[in-house]
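Asker: This structure is in structure tokens; I'll ask about it shortly.
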Amino acid sequence: MSEAPVLQTTLSISGATCQGCAKKIRNALEPLTGDADLVEVNLEDQTVALPEGVDATEAARIVTETGYPAEPMAETGKSGSCCSSKSEKADAKATVKPDRETDEGVAEDTSEQHHSSENTPEESATPYHGDDQVHLAVTGATCASCVNTIEKALKSVPGVTHAHMNLADNTATATGASDPQALIKAVESSGYGASVIEDADAADDQKQEEDKKRYKTLLVKMAISLGLGIGLMVWGMGFGSMTITGANQGLWFGLGLLTLVVMAGTGGHFFTGAWKAFRHHNANMDTLIALGTGTAWLYSITVVSIPEALPEMARHVYFEASAMIIGLINLGQALELRAKGKTSEAVRRLLDLRAKTARVIRGGQEQDIPVEDVRKGDHIRVRPGENLPVDGRVVDGSTRIDESMLTGEPMPVSKGVDDEVSAGTLNTHGAIVYEATRVGSETALAQIIHLVKKAQGSKPAIGRLADKISSVFVPSVMLIAVAAALVWYNVGPEPAVVHMIIAATTVLIIACPCALGLATPMSVMVGVGKAAEYGALIRQGDALQTAGKLDLVILDKTGTITEGHPAVTSVHAITGDEQQLLALAAGLEQHSEHPLAEAIVNKAKKQSLQPLNVTDFEAMNGKGVTGQFEGEPVRLGNRRWLEAEGISLDGMINAEKTITEQAGTPLFLARGTELLGIMGVADAIKADSEAAIRRMHDAGIRVMMVTGDIDATAKAIAAKTGIDDYRAEVLPEDKADVVNEMRGKGYTVAMVGDGINDAPALAAADVGFAIGTGTDVAIESAAITLMRGSLHGVPDAIEISRATVKNIHQNLFGAFAYNSLGIPIAAGLLYPIWGILMSPILAGAAMSLSSVTVVTNANRLRLFKTSHKPVQAQNQSQQSKEERN
Amino acid sequence: METILVNAGGLALMVAIVWWFWLSSTDSDAPAQDHSHH
């Protein structure tokens, strides 16, 4: 990669939230850039990168007209470093297009793989630089209403284009150009606390410590308030009386004050939270608890202070209810906190892969240094059984490396000199020395952790709906409580005042929206973590939701169904001299860097053949290659091209048929107008592709293949792998059209491709899967990235997605059903039928139970296993290995 | 008299809730993100 600065025009946009928006923007800018693929839309940063020289003002106008307010940013000069990767990929793609040499299909497809493997370490390090996001740690948020309030507060800050709060880990993210202090102020002014997360790892550790402390504090508070509440109830019912008489008035007054002190000490945070929210015209879970317990206490103290103001039957106190409700809610929050900790286990496991120190060789001396001090270019020695501290390239020794923790690939991979190795992987066998190429946040491991965390915090559409509902929920419950109280007062039996107070308090307490707020983020956190265990990195919650609905999977051929490394399988010469034919073909192809060319040159090398001297080499896009040999033109390419050049291919019809039947691609070689022979080039089908496709069928999904390859080859591959349908001779840029066509037919479509040259098709699909090999993948290029090269990642991700969405539905159903049933019962609906009026204490217990149930149900997902047996076995062995360690 | 007072108070409380949390809401002017185009 060049170190020379690459000028780039960038627009700042707002309102683009999905791949559909990105596509619209790209298409709108196509007339300006000449190629929609040269436009890079970054949804996270809300920026659009354009090639050098494009009129930024005009581009901004077009994008704004498309519906996404845009304005030009300063032109950025980027050296060939991490930040420029995407545009460079686009550039690389544009420059590589003319290098189409042979058969359209193989040339197109294999070049994709070729360029994917050229993805340099610097390029892969893109995502974490220039992120125009501020991450905040938020305190005081307890329910879905808080989420809504905080998101609204952040969105009101000038410059913020998108804000997102995650209740599961109490963090908020604001996207757009904004001042962090203004964001903090906005959150604080809405009644919550916030601080900027500068070092995510330190913040994680700090949060873990704080959670531990909070858990203990909640348990102590629970013990005190429940102790008092139960004590009062037992004493009142067993030994004394909970009805005020002249004799016990003084004693109950003292107990009332004691209850107030305990309420302030153990439940003060509910009251301060409620007050802060109230001041900002908001209502949340704290509001309901404070109103419920406060009403019970106020009523009781009124009874104690002026009993004569109430009828004799209504002189009952409810101090124990206030104390017990607070105790139960504290218990619920403690249990919830504990369960929440478990949901982030997947990330914790990844974090634990990081080595603390590295044995660096500097100046001939080996020394152990903290991993943070490792610099690019350092040579690091790793012994068997050690985890690799940073990413790099082997310079000495050979070994087998277990990459399963990153890729899900069960078998250790052999590594020798010049091979890439990744941080966090385990050196199982020999000792190696490798050169650090990516350190700190640039390592694949750091990027995976970042991505998983980000996805865990994202909210699918279903979760946004729950938030919207809950924002109007609490004030509505307050109205219901007042209405219920009035009904009891007007038509209820005596003592009407007591009944109205009980009904109102119970409604307020039972209707907590905390379960509603937790329902989605908890399941998403576990689901995304589970997918990461299987080597599927999910970028957004939306992808997780949509993947479960897929009914058509479109697969790219090369590198997706096949290995992506074509090899020459057969050579047939008209003259019978196959070595001569191969030497001439190698002479032509040695000028090309194409993988197909590489296959031919490699074959010649294997047979120790010297490539013949071919001059005036020229690559013919989608056709083949040509050159001059001994004063005559030579051509190597596909049937259509050679026939168009007037060359008769009749002599090789049978050989061609054999090649295509074996899923190979025929390449004809001609000198002048004379056919010299034919070569078959085939890309082996991955061993597990057929099984993975069968799993997709089992899941009720139709599988289709799009390839640039010729029809006969595509047909053979489809037959071998059990693919339902295929489209052959499709250029990469036309793959998106196939995706759109199938979407138009009503399918929910997944596109599986290499993530770089298939980007338009991946973006056009409902869910784009980028398939990679090892850790050398562009993990930001698709909604879901499969770290393992295997197609099994697709059904794995779909199964996990389905399980997660089912879990979310269960949670939401539970939360809604709980409230829909709980509120009418609390209001006294059962009284006219069975004479039952729910106690506020029972409401407190039910409320705590509802959030604990939701969190526990989400945690069930951790036990989910996909139908792919080998990975299960591998994961189990990994788990048992961890346990042994 | 007491009945009238309690009912009037209750209704007033309901009106106050509607007014405070919906009609006079300070963040009602915060721009809501439109996802409807999906």
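Chain identifiers are assigned as A, B, and so on, following the order in which chains appear in the structure tokens; residues are numbered from 1 within each chain, and ligands are numbered from 1 in order of appearance.
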Would you pick out the contacts of region 8-24 of chain B at 10 Å or less, using only C-alpha atoms, so that residues sharing its chain but fewer than 3 positions from it are not included, and give the list as a PyMOL selection string?
Answerer: (chain A and resi 278-283+472+474-476+478-483+485-486) or (chain B and resi 2-5+27-28)
Asker: Write to file, as an mmCIF file, in the first residue's frame, the residues of the selection just made, with N, CA, C and O atoms.
Answerer:
data_model
loop_
_atom_site.group_PDB
_atom_site.id
_atom_site.type_symbol
_atom_site.label_atom_id
_atom_site.label_comp_id
_atom_site.auth_asym_id
_atom_site.auth_seq_id
_atom_site.Cartn_x
_atom_site.Cartn_y
_atom_site.Cartn_z
ATOM 1 N N PHE A 278 -39.584 13.878 37.634
ATOM 2 C CA PHE A 278 -40.785 14.716 37.689
ATOM 3 C C PHE A 278 -40.461 16.151 37.278
ATOM 4 O O PHE A 278 -41.191 16.780 36.505
ATOM 5 N N ARG A 279 -39.325 16.646 37.776
ATOM 6 C CA ARG A 279 -38.929 18.026 37.455
ATOM 7 C C ARG A 279 -38.775 18.210 35.951
ATOM 8 O O ARG A 279 -38.938 19.298 35.420
ATOM 9 N N HIS A 280 -38.403 17.127 35.275
ATOM 10 C CA HIS A 280 -38.214 17.219 33.823
ATOM 11 C C HIS A 280 -39.414 16.682 33.050
ATOM 12 O O HIS A 280 -39.284 16.265 31.902
ATOM 13 N N HIS A 281 -40.563 16.666 33.739
ATOM 14 C CA HIS A 281 -41.817 16.235 33.099
ATOM 15 C C HIS A 281 -41.745 14.785 32.630
ATOM 16 O O HIS A 281 -42.357 14.420 31.634
ATOM 17 N N ASN A 282 -40.946 14.007 33.312
ATOM 18 C CA ASN A 282 -40.847 12.592 32.960
ATOM 19 C C ASN A 282 -41.340 11.743 34.113
ATOM 20 O O ASN A 282 -41.393 12.204 35.253
ATOM 21 N N ALA A 283 -41.649 10.514 33.791
ATOM 22 C CA ALA A 283 -42.018 9.568 34.838
ATOM 23 C C ALA A 283 -41.372 8.241 34.511
ATOM 24 O O ALA A 283 -41.274 7.871 33.348
ATOM 25 N N VAL A 472 -44.970 6.260 27.309
ATOM 26 C CA VAL A 472 -46.288 6.787 27.688
ATOM 27 C C VAL A 472 -46.922 5.922 28.769
ATOM 28 O O VAL A 472 -47.994 6.218 29.268
ATOM 29 N N VAL A 474 -45.893 4.985 31.982
ATOM 30 C CA VAL A 474 -45.937 5.368 33.401
ATOM 31 C C VAL A 474 -47.012 6.426 33.685
ATOM 32 O O VAL A 474 -47.830 6.230 34.592
ATOM 33 N N PRO A 475 -47.066 7.528 32.925
ATOM 34 C CA PRO A 475 -48.150 8.476 33.196
ATOM 35 C C PRO A 475 -49.533 7.829 33.023
ATOM 36 O O PRO A 475 -50.460 8.136 33.776
ATOM 37 N N SER A 476 -49.637 6.896 32.072
ATOM 38 C CA SER A 476 -50.927 6.218 31.879
ATOM 39 C C SER A 476 -51.291 5.410 33.122
ATOM 40 O O SER A 476 -52.451 5.400 33.551
ATOM 41 N N MET A 478 -50.391 6.082 36.111
ATOM 42 C CA MET A 478 -50.795 7.029 37.157
ATOM 43 C C MET A 478 -52.273 7.404 36.986
ATOM 44 O O MET A 478 -53.022 7.510 37.962
ATOM 45 N N LEU A 479 -52.676 7.588 35.750
ATOM 46 C CA LEU A 479 -54.086 7.915 35.482
ATOM 47 C C LEU A 479 -54.994 6.754 35.904
ATOM 48 O O LEU A 479 -56.039 6.954 36.531
ATOM 49 N N ILE A 480 -54.542 5.541 35.564
ATOM 50 C CA ILE A 480 -55.345 4.353 35.927
ATOM 51 C C ILE A 480 -55.472 4.255 37.450
ATOM 52 O O ILE A 480 -56.540 3.955 37.990
ATOM 53 N N ALA A 481 -54.356 4.536 38.140
ATOM 54 C CA ALA A 481 -54.362 4.449 39.609
ATOM 55 C C ALA A 481 -55.382 5.423 40.201
ATOM 56 O O ALA A 481 -56.150 5.063 41.098
ATOM 57 N N VAL A 482 -55.386 6.659 39.686
ATOM 58 C CA VAL A 482 -56.329 7.659 40.205
ATOM 59 C C VAL A 482 -57.768 7.235 39.871
ATOM 60 O O VAL A 482 -58.662 7.300 40.722
ATOM 61 N N ALA A 483 -57.941 6.762 38.632
ATOM 62 C CA ALA A 483 -59.283 6.338 38.217
ATOM 63 C C ALA A 483 -59.774 5.188 39.085
ATOM 64 O O ALA A 483 -60.928 5.188 39.542
ATOM 65 N N ALA A 485 -58.859 4.484 42.091
ATOM 66 C CA ALA A 485 -59.139 5.012 43.434
ATOM 67 C C ALA A 485 -60.525 5.652 43.463
ATOM 68 O O ALA A 485 -61.295 5.443 44.410
ATOM 69 N N LEU A 486 -60.847 6.408 42.434
ATOM 70 C CA LEU A 486 -62.149 7.084 42.403
ATOM 71 C C LEU A 486 -63.304 6.074 42.311
ATOM 72 O O LEU A 486 -64.336 6.230 42.961
ATOM 73 N N GLU B 2 -68.107 15.792 50.843
ATOM 74 C CA GLU B 2 -66.828 15.065 50.823
ATOM 75 C C GLU B 2 -66.665 14.329 49.494
ATOM 76 O O GLU B 2 -65.592 14.334 48.881
ATOM 77 N N THR B 3 -67.758 13.707 49.049
ATOM 78 C CA THR B 3 -67.724 12.958 47.786
ATOM 79 C C THR B 3 -67.362 13.871 46.622
ATOM 80 O O THR B 3 -66.526 13.523 45.776
ATOM 81 N N ILE B 4 -67.972 15.030 46.613
ATOM 82 C CA ILE B 4 -67.695 15.975 45.526
ATOM 83 C C ILE B 4 -66.224 16.391 45.554
ATOM 84 O O ILE B 4 -65.536 16.407 44.526
ATOM 85 N N LEU B 5 -65.760 16.656 46.775
ATOM 86 C CA LEU B 5 -64.364 17.107 46.909
ATOM 87 C C LEU B 5 -63.391 16.019 46.439
ATOM 88 O O LEU B 5 -62.435 16.283 45.702
ATOM 89 N N ASP B 27 -39.432 17.962 26.716
ATOM 90 C CA ASP B 27 -38.686 17.309 25.652
ATOM 91 C C ASP B 27 -39.577 16.920 24.465
ATOM 92 O O ASP B 27 -39.162 16.177 23.606
ATOM 93 N N SER B 28 -40.782 17.473 24.457
ATOM 94 C CA SER B 28 -41.618 17.162 23.299
ATOM 95 C C SER B 28 -41.067 17.796 22.034
ATOM 96 O O SER B 28 -41.348 17.362 20.939
#
Asker: Please, what distance in Å, to one decimal, runs between CA of Val738 (chain A) and CA of Leu38 (chain A)?
Answerer: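 Answer for the CA of Val738 (chain A) to CA of Leu38 (chain A) separation: 20.3 Å.
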Asker: Could you check the closest approach to chain B for each of A:Asp169, A:Glu632, A:Asp737, A:Asp542 and tell me which residue wins, using only C-alpha atoms?
Answerer: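 Using only C-alpha atoms, the shortest distance to chain B belongs to A:Asp542.
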Asker: In Å to one decimal, how far is CA of Asn857 (chain A) from CA of Asn807 (chain A)?
Answerer: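 If I compute the distance from CA of Asn807 (chain A) to CA of Asn857 (chain A), I get 7.2 Å.
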Asker: Please determine, counting only C-alpha atoms, which residue among A:Ala567, A:Val805, A:Ala339, A:Ile502 has the shortest atom-to-atom distance to Ser300 (chain A).
Answerer: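 Selected residue with least distance to Ser300 (chain A): A:Ile502.
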Asker: Let's see if you can do this: from backbone DSSP, list all helix (DSSP H, G or I) residues in region 709-770 of chain A, as a PyMOL selection string.
Answerer: chain A and resi 711-721+732-744+759-764
Asker: Save out the residues we just selected, N, CA, C and O atoms, as a short mmCIF file (atom, residue, chain, number, x, y, z; two decimals), in the first residue's frame.
Answerer:
data_model
loop_
_atom_site.label_atom_id
_atom_site.label_comp_id
_atom_site.auth_asym_id
_atom_site.auth_seq_id
_atom_site.Cartn_x
_atom_site.Cartn_y
_atom_site.Cartn_z
N ASP A 711 -22.57 -21.14 -17.34
CA ASP A 711 -23.74 -21.89 -16.91
C ASP A 711 -23.43 -23.34 -16.56
O ASP A 711 -23.87 -23.84 -15.52
N ALA A 712 -22.64 -24.01 -17.41
CA ALA A 712 -22.39 -25.44 -17.20
C ALA A 712 -21.67 -25.67 -15.88
O ALA A 712 -22.01 -26.59 -15.12
N THR A 713 -20.67 -24.84 -15.59
CA THR A 713 -19.94 -24.99 -14.33
C THR A 713 -20.85 -24.72 -13.14
O THR A 713 -20.86 -25.46 -12.16
N ALA A 714 -21.63 -23.64 -13.25
CA ALA A 714 -22.54 -23.28 -12.16
C ALA A 714 -23.53 -24.41 -11.91
O ALA A 714 -23.81 -24.77 -10.77
N LYS A 715 -24.01 -24.99 -13.01
CA LYS A 715 -24.98 -26.08 -12.90
C LYS A 715 -24.37 -27.27 -12.16
O LYS A 715 -25.01 -27.88 -11.28
N ALA A 716 -23.12 -27.58 -12.52
CA ALA A 716 -22.45 -28.71 -11.89
C ALA A 716 -22.27 -28.46 -10.39
O ALA A 716 -22.49 -29.36 -9.56
N ILE A 717 -21.87 -27.25 -10.03
CA ILE A 717 -21.66 -26.94 -8.60
C ILE A 717 -22.99 -26.97 -7.85
O ILE A 717 -23.08 -27.52 -6.75
N ALA A 718 -24.02 -26.43 -8.49
CA ALA A 718 -25.35 -26.43 -7.85
C ALA A 718 -25.80 -27.87 -7.61
O ALA A 718 -26.32 -28.19 -6.54
N ALA A 719 -25.56 -28.74 -8.59
CA ALA A 719 -25.98 -30.13 -8.44
C ALA A 719 -25.19 -30.82 -7.33
O ALA A 719 -25.74 -31.58 -6.54
N LYS A 720 -23.89 -30.53 -7.28
CA LYS A 720 -23.05 -31.19 -6.27
C LYS A 720 -23.41 -30.78 -4.86
O LYS A 720 -23.25 -31.54 -3.91
N THR A 721 -23.83 -29.51 -4.68
CA THR A 721 -24.03 -28.99 -3.33
C THR A 721 -25.49 -28.95 -2.91
O THR A 721 -25.79 -28.61 -1.77
N PRO A 732 -20.06 -9.05 -10.85
CA PRO A 732 -20.23 -8.68 -9.43
C PRO A 732 -21.15 -7.48 -9.25
O PRO A 732 -21.98 -7.46 -8.34
N GLU A 733 -21.02 -6.50 -10.14
CA GLU A 733 -21.85 -5.30 -9.97
C GLU A 733 -23.33 -5.58 -10.24
O GLU A 733 -24.19 -4.79 -9.87
N ASP A 734 -23.62 -6.71 -10.91
CA ASP A 734 -25.02 -7.04 -11.19
C ASP A 734 -25.64 -7.94 -10.13
O ASP A 734 -26.83 -8.24 -10.17
N LYS A 735 -24.79 -8.38 -9.20
CA LYS A 735 -25.31 -9.29 -8.17
C LYS A 735 -26.37 -8.59 -7.32
O LYS A 735 -27.33 -9.20 -6.87
N ALA A 736 -26.16 -7.28 -7.10
CA ALA A 736 -27.13 -6.52 -6.31
C ALA A 736 -28.50 -6.53 -6.99
O ALA A 736 -29.53 -6.56 -6.31
N ASP A 737 -28.48 -6.53 -8.33
CA ASP A 737 -29.76 -6.56 -9.05
C ASP A 737 -30.50 -7.87 -8.81
O ASP A 737 -31.72 -7.88 -8.68
N VAL A 738 -29.74 -8.96 -8.76
CA VAL A 738 -30.36 -10.26 -8.48
C VAL A 738 -30.99 -10.22 -7.08
O VAL A 738 -32.12 -10.67 -6.87
N VAL A 739 -30.23 -9.65 -6.13
CA VAL A 739 -30.74 -9.55 -4.75
C VAL A 739 -32.04 -8.74 -4.75
O VAL A 739 -33.04 -9.15 -4.16
N ASN A 740 -32.01 -7.60 -5.43
CA ASN A 740 -33.20 -6.74 -5.46
C ASN A 740 -34.38 -7.44 -6.13
O ASN A 740 -35.52 -7.31 -5.69
N GLU A 741 -34.07 -8.19 -7.19
CA GLU A 741 -35.13 -8.91 -7.89
C GLU A 741 -35.82 -9.90 -6.96
O GLU A 741 -37.04 -9.98 -6.90
N MET A 742 -35.00 -10.64 -6.21
CA MET A 742 -35.57 -11.65 -5.31
C MET A 742 -36.32 -10.98 -4.16
O MET A 742 -37.33 -11.50 -3.70
N ARG A 743 -35.81 -9.84 -3.71
CA ARG A 743 -36.54 -9.12 -2.65
C ARG A 743 -37.88 -8.65 -3.19
O ARG A 743 -38.89 -8.68 -2.49
N GLY A 744 -37.86 -8.23 -4.47
CA GLY A 744 -39.09 -7.78 -5.12
C GLY A 744 -40.13 -8.89 -5.21
O GLY A 744 -41.33 -8.64 -5.23
N ALA A 759 -19.72 -5.96 -1.88
CA ALA A 759 -20.35 -4.98 -0.99
C ALA A 759 -21.71 -4.47 -1.47
O ALA A 759 -22.64 -4.42 -0.68
N PRO A 760 -21.87 -4.12 -2.77
CA PRO A 760 -23.19 -3.63 -3.18
C PRO A 760 -24.28 -4.67 -3.00
O PRO A 760 -25.38 -4.34 -2.56
N ALA A 761 -23.97 -5.93 -3.31
CA ALA A 761 -24.97 -7.00 -3.15
C ALA A 761 -25.25 -7.23 -1.67
O ALA A 761 -26.40 -7.43 -1.27
N LEU A 762 -24.20 -7.16 -0.85
CA LEU A 762 -24.39 -7.35 0.59
C LEU A 762 -25.27 -6.23 1.14
O LEU A 762 -26.12 -6.45 1.99
N ALA A 763 -25.04 -5.02 0.63
CA ALA A 763 -25.81 -3.87 1.12
C ALA A 763 -27.27 -3.96 0.65
O ALA A 763 -28.17 -3.54 1.36
N ALA A 764 -27.46 -4.51 -0.55
CA ALA A 764 -28.82 -4.58 -1.09
C ALA A 764 -29.67 -5.63 -0.37
O ALA A 764 -30.88 -5.53 -0.33
#
Asker: Can you pull out every residue within 7 Å of Arg383 (chain A), counting only C-alpha atoms, but drop anything in the same chain fewer than 6 positions away, and send it as number ranges by chain?
Answerer: A: 427, 430-432
Asker: Any chance you can output those residues with N, CA, C and O atoms as a PDB file, in the first residue's frame?
Answerer:
ATOM      1  N   ASN A 427      -0.843 -20.616  20.904  1.00  0.00           N
ATOM      2  CA  ASN A 427       0.222 -21.362  20.248  1.00  0.00           C
ATOM      3  C   ASN A 427       0.260 -22.764  20.867  1.00  0.00           C
ATOM      4  O   ASN A 427       0.593 -22.922  22.034  1.00  0.00           O
ATOM      5  N   GLY A 430       4.833 -25.500  18.420  1.00  0.00           N
ATOM      6  CA  GLY A 430       6.241 -25.105  18.440  1.00  0.00           C
ATOM      7  C   GLY A 430       6.449 -23.692  18.952  1.00  0.00           C
ATOM      8  O   GLY A 430       5.493 -22.989  19.280  1.00  0.00           O
ATOM      9  N   ALA A 431       7.711 -23.280  19.032  1.00  0.00           N
ATOM     10  CA  ALA A 431       8.022 -21.912  19.424  1.00  0.00           C
ATOM     11  C   ALA A 431       8.220 -21.080  18.159  1.00  0.00           C
ATOM     12  O   ALA A 431       8.820 -21.548  17.194  1.00  0.00           O
ATOM     13  N   ILE A 432       7.692 -19.880  18.166  1.00  0.00           N
ATOM     14  CA  ILE A 432       7.865 -19.015  16.989  1.00  0.00           C
ATOM     15  C   ILE A 432       8.333 -17.620  17.422  1.00  0.00           C
ATOM     16  O   ILE A 432       8.152 -17.227  18.577  1.00  0.00           O
TER      17      ILE A 432
END
